[in-house]
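Peer 1: Next up, entry_10.txt (compact mmCIF, C-alpha atoms).
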# COMPACT_ATOMS: atom_id res chain seq x y z
CA MET T 270 0.00 0.00 0.00
CA GLU T 271 1.40 3.37 -0.98
CA GLU T 272 1.40 6.23 1.51
CA VAL T 273 0.02 9.53 0.34
CA MET T 274 1.85 12.43 1.88
CA ALA T 275 0.51 15.96 1.94
CA PRO T 276 2.71 18.33 -0.03
CA SER T 277 4.84 20.35 2.35
CA VAL T 278 6.35 23.75 1.91
CA LYS T 279 10.10 23.34 1.66
CA ARG T 280 11.88 25.35 4.28
CA TYR T 281 15.30 25.19 2.61
CA VAL T 282 15.01 25.76 -1.14
CA VAL T 283 18.12 25.02 -3.22
CA ARG T 284 18.97 27.76 -5.70
CA LEU T 285 22.39 27.49 -7.32
CA SER T 286 24.25 30.08 -9.36
CA ALA T 287 25.58 29.07 -12.78
CA GLU T 288 29.09 28.91 -11.31
CA GLU T 289 27.99 26.68 -8.42
CA ARG T 290 26.16 24.37 -10.83
CA ARG T 291 29.31 24.09 -13.01
CA GLU T 292 31.40 23.30 -9.95
CA LEU T 293 29.03 20.53 -8.83
CA GLU T 294 28.83 19.04 -12.33
CA ALA T 295 32.63 19.09 -12.61
CA THR T 296 32.93 17.36 -9.23
CA ILE T 297 30.61 14.59 -10.38
CA ARG T 298 32.19 14.30 -13.82
CA LYS T 299 35.70 13.87 -12.38
CA GLY T 300 34.52 11.23 -9.92
CA LYS T 301 37.74 11.57 -7.89
CA SER T 302 36.11 13.10 -4.82
CA PRO T 303 35.14 11.21 -1.66
CA ALA T 304 31.79 9.40 -1.88
CA ALA T 305 30.10 11.72 0.63
CA ARG T 306 31.07 14.77 -1.44
CA LEU T 307 29.77 13.18 -4.63
CA LEU T 308 26.50 12.25 -2.92
CA LYS T 309 26.02 15.82 -1.70
CA ALA T 310 26.73 17.18 -5.18
CA HIS T 311 24.11 14.83 -6.66
CA ILE T 312 21.58 15.83 -4.00
CA LEU T 313 22.05 19.53 -4.68
CA LEU T 314 21.76 19.16 -8.44
CA LYS T 315 18.60 17.06 -8.13
CA ALA T 316 17.06 19.38 -5.52
CA GLU T 317 17.73 22.67 -7.32
CA ALA T 318 14.47 24.55 -7.78
CA SER T 319 15.51 26.99 -10.54
CA GLU T 320 14.78 26.56 -14.24
CA ALA T 321 18.24 25.03 -14.77
CA GLY T 322 17.68 22.49 -11.99
CA GLU T 323 15.70 19.30 -11.88
CA GLY T 324 13.60 20.26 -8.83
CA TRP T 325 13.09 16.72 -7.59
CA SER T 326 11.15 16.03 -4.41
CA ASP T 327 13.06 14.78 -1.40
CA SER T 328 11.45 11.34 -1.57
CA ARG T 329 12.41 10.99 -5.24
CA ILE T 330 16.03 11.98 -4.42
CA VAL T 331 16.10 9.44 -1.58
CA ALA T 332 14.91 6.67 -3.90
CA ALA T 333 17.26 7.59 -6.74
CA LEU T 334 20.41 8.08 -4.67
CA GLN T 335 19.66 5.47 -1.99
CA THR T 336 20.17 7.88 0.87
CA SER T 337 17.98 9.10 3.73
CA LEU T 338 15.52 11.94 4.06
CA SER T 339 17.55 13.38 6.89
CA MET T 340 20.66 13.49 4.67
CA VAL T 341 18.78 15.38 1.95
CA TYR T 342 17.36 17.75 4.58
CA ARG T 343 20.80 18.39 6.15
CA VAL T 344 22.41 19.10 2.77
CA ARG T 345 19.64 21.55 1.82
CA LYS T 346 19.83 23.27 5.20
CA GLN T 347 23.62 23.54 5.16
CA LEU T 348 23.61 25.02 1.65
CA VAL T 349 21.08 27.70 2.60
CA GLU T 350 22.69 28.54 5.95
CA GLU T 351 26.40 28.14 5.24
CA GLY T 352 26.92 28.04 1.47
CA LEU T 353 28.27 25.59 -1.09
CA GLU T 354 31.83 25.41 0.26
CA ALA T 355 30.57 24.32 3.68
CA VAL T 356 28.50 21.55 2.10
CA LEU T 357 31.35 20.17 0.00
CA SER T 358 34.17 20.46 2.53
CA ARG T 359 34.64 18.40 5.65
CA LYS T 360 33.65 20.08 8.86
CA ALA T 361 36.49 20.91 11.24
CA PRO T 362 36.17 19.26 14.64
CA ALA T 363 34.11 21.36 17.04
CA ARG T 364 36.65 21.07 19.80
CA LEU T 365 40.37 20.59 19.64
CA SER T 366 41.95 17.72 21.49
CA ALA T 367 43.67 18.42 24.77
CA PRO T 368 47.35 19.33 24.48
CA ARG T 369 49.83 16.55 25.22
CA ILE T 370 51.16 16.51 28.77
CA PHE T 371 54.36 14.66 27.89
CA ASP T 372 56.42 16.00 25.01
CA GLY T 373 59.58 14.21 23.88
CA GLU T 374 61.84 15.56 26.63
CA LYS T 375 59.34 14.94 29.45
CA GLU T 376 58.62 11.49 28.06
CA ALA T 377 62.34 10.66 28.11
CA ARG T 378 62.63 11.84 31.72
CA LEU T 379 59.62 9.68 32.71
CA ILE T 380 61.13 6.62 31.02
CA ALA T 381 64.48 7.25 32.70
CA LEU T 382 62.70 7.51 36.04
CA ALA T 383 60.77 4.28 35.43
CA CYS T 384 64.03 2.50 34.56
CA SER T 385 65.79 3.78 37.69
CA GLU T 386 65.82 2.10 41.08
CA PRO T 387 62.46 2.34 42.85
CA PRO T 388 62.18 4.25 46.13
CA GLU T 389 63.19 2.53 49.33
CA GLY T 390 60.56 0.11 50.58
CA HIS T 391 59.27 -0.69 47.08
CA ALA T 392 60.27 -3.62 44.89
CA ARG T 393 59.42 -1.75 41.64
CA TRP T 394 57.85 1.42 40.36
CA SER T 395 54.08 1.44 40.36
CA LEU T 396 52.06 3.81 38.21
CA ARG T 397 50.92 5.66 41.34
CA LEU T 398 54.51 6.07 42.52
CA LEU T 399 55.56 7.37 39.12
CA GLU T 400 52.56 9.70 39.08
CA SER T 401 53.53 11.35 42.35
CA LYS T 402 57.28 11.39 41.54
CA VAL T 403 56.93 13.17 38.15
CA VAL T 404 54.94 15.92 39.88
CA GLU T 405 57.39 16.06 42.80
CA LEU T 406 60.37 16.37 40.43
CA GLY T 407 58.58 19.06 38.42
CA ILE T 408 58.58 17.09 35.17
CA VAL T 409 54.88 17.89 34.74
CA GLU T 410 52.36 19.83 36.83
CA ALA T 411 49.88 16.94 37.02
CA ALA T 412 49.43 13.57 35.35
CA SER T 413 47.16 10.62 35.94
CA ASP T 414 48.41 7.07 36.27
CA THR T 415 46.52 6.31 33.04
CA THR T 416 48.54 8.95 31.17
CA ILE T 417 51.77 7.53 32.58
CA GLN T 418 50.69 4.04 31.52
CA ARG T 419 50.00 5.25 27.98
CA VAL T 420 53.43 6.86 27.70
CA LEU T 421 55.24 3.82 29.07
CA LYS T 422 53.23 1.40 26.96
CA LYS T 423 54.71 2.97 23.84
CA THR T 424 58.20 1.85 24.87
CA LEU T 425 59.48 -1.62 24.13
CA PHE T 426 60.93 -1.99 27.62
CA SER T 427 58.93 -0.96 30.65
CA ARG T 428 59.75 -1.92 34.22
CA THR T 429 56.11 -1.40 35.16
CA ALA T 430 54.85 -3.73 32.43
CA ALA T 431 54.30 -6.59 34.87
CA ASN T 432 51.97 -4.37 36.90
CA ILE T 433 49.95 -2.79 34.11
CA GLY T 434 49.48 -5.72 31.79
CA SER T 435 50.98 -3.98 28.78
CA PHE T 436 53.45 -6.72 27.96
CA ARG T 437 52.45 -10.11 26.63
CA PRO T 438 55.27 -12.51 25.88
CA ARG T 439 55.42 -13.57 22.27
CA ARG T 440 54.97 -17.20 21.44
CA ALA T 441 58.09 -19.02 20.38
CA ALA T 442 58.13 -19.85 16.70
CA LEU T 443 57.54 -23.49 15.97
CA SER T 444 60.43 -25.19 14.22
Let me see whether you can do it: turn the structure in this file into structure tokens.
Peer 2:
Amino acid sequence: MEEVMAPSVKRYVVRLSAEERRELEATIRKGKSPAARLLKAHILLKAEASEAGEGWSDSRIVAALQTSLSMVYRVRKQLVEEGLEAVLSRKAPARLSAPRIFDGEKEARLIALACSEPPEGHARWSLRLLESKVVELGIVEAASDTTIQRVLKKTLFSRTAANIGSFRPRRAALS
């Protein structure tokens, strides 16, 4: 059974300039762009409401391009609100990652500390001991034991490996 939907007034109407249309057609013709970019270009060309455009309905675009209604809606909306470049380019991450606590020099000092003799009363360095010692020595202002583990796990040799489970012995090759 086919659903009959009431015609809705489109909130975001696609109207492309001749230059924008040429750019989209060139993108599709080359075919060297990422798939998401090509899909967006197809959506915009099919959705264009001017005399040069095809003016397809969203449901027809969805069926033809095997995408979702929400994708068509988002592409229309982004074009109207942000412009063609924003639609075709990848969005920059909203937030930048946190800066690294350990740079190369600080990392080397941490590794040297982990390879040194542990404090009196301890058989080996624990992550908690290393955590407090790097702050005490002024290597870093603050660091969690998880951060220390991540730094030490990158090294091939780690005296704390037995404690943190980062080292698994390799199986001997069968002769």
Peer 1: Find the residues near Ile312 of chain T: any atom within 10 Å, counting all atoms listed in the file, skip ones fewer than 2 places away on the same chain, and give them as a list in words.
Peer 2: Val283, Arg306, Leu307, Leu308, Lys309, Ala310, Leu314, Lys315, Ala316, Glu317, Trp325, Asp327, Ile330, Val331, Ala333, Leu334, Thr336, Met340, Val341, Tyr342, Val344 and Arg345 of chain T
Peer 1: Within 9 Å of segment 405-417 of chain T, counting all atoms listed in the file, which residues qualify if same-chain residues fewer than 2 places away don't, as a list in words?
Peer 2: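 Those residues are Ile370, Phe371, Lys375, Arg378, Leu379, Ser395, Leu396, Arg397, Leu398, Leu399, Glu400, Ser401, Lys402, Val403, Arg419, Val420, Leu421 and Lys422 of chain T.
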Peer 1: Can you work out which one of T:Lys301, T:His311, T:Arg291, T:Arg393 has the shortest atom-to-atom distance to Val356 of chain T, counting only C-alpha atoms?
Peer 2: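 Counting only C-alpha atoms, the residue closest to Val356 of chain T is T:His311.
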Peer 1: Between T:Ala363, T:Leu357, T:Leu348, T:Ala321, which has the minimum distance to Ile297 of chain T (counting all atoms listed in the file)?
Peer 2: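 Counting all atoms listed in the file, the residue closest to Ile297 of chain T is T:Leu357.
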Peer 1: So what do you get for atom CA of Arg329 of chain T versus atom CA of Leu313 of chain T, distance-wise?
Peer 2: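 These two atoms are separated by 12.9 Å.
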Peer 1: One decimal, in Å: what's the spacing between atom CA of Glu351 of chain T and atom CA of Gly300 of chain T?
Peer 2: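 Separating atom CA of Glu351 of chain T from atom CA of Gly300 of chain T is a distance of 24.1 Å.
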Peer 1: Hey, which of T:Lys299, T:Arg290, T:Glu376, T:Val282 ends up closest to Lys423 of chain T? Count all atoms listed in the file.
Peer 2: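 Ranking T:Lys299, T:Arg290, T:Glu376, T:Val282 by distance to Lys423 of chain T, first place goes to T:Glu376.
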Peer 1: Please, what distance in Å, to one decimal, runs between atom CA of Ser302 of chain T and atom CA of Arg280 of chain T?
Peer 2: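 Atom-to-atom, atom CA of Ser302 of chain T to atom CA of Arg280 of chain T, that is 28.6 Å.
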Peer 1: My list of candidates is T:Ala377, T:Val349, T:Ala304, T:Ala295. Which is closest to Tyr281 of chain T when distances are computed with all atoms listed in the file?
Peer 2: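 Looking at the shortest contact to Tyr281 of chain T, the residue is T:Val349.
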Peer 1: I'd like the contact shell of Ala318 of chain T - 6 Å cut-off, all atoms listed in the file, skipping same-chain residues fewer than 3 positions apart - returned as JSON, numbers by chain.
Peer 2: {"T": [283, 284, 322, 324]}
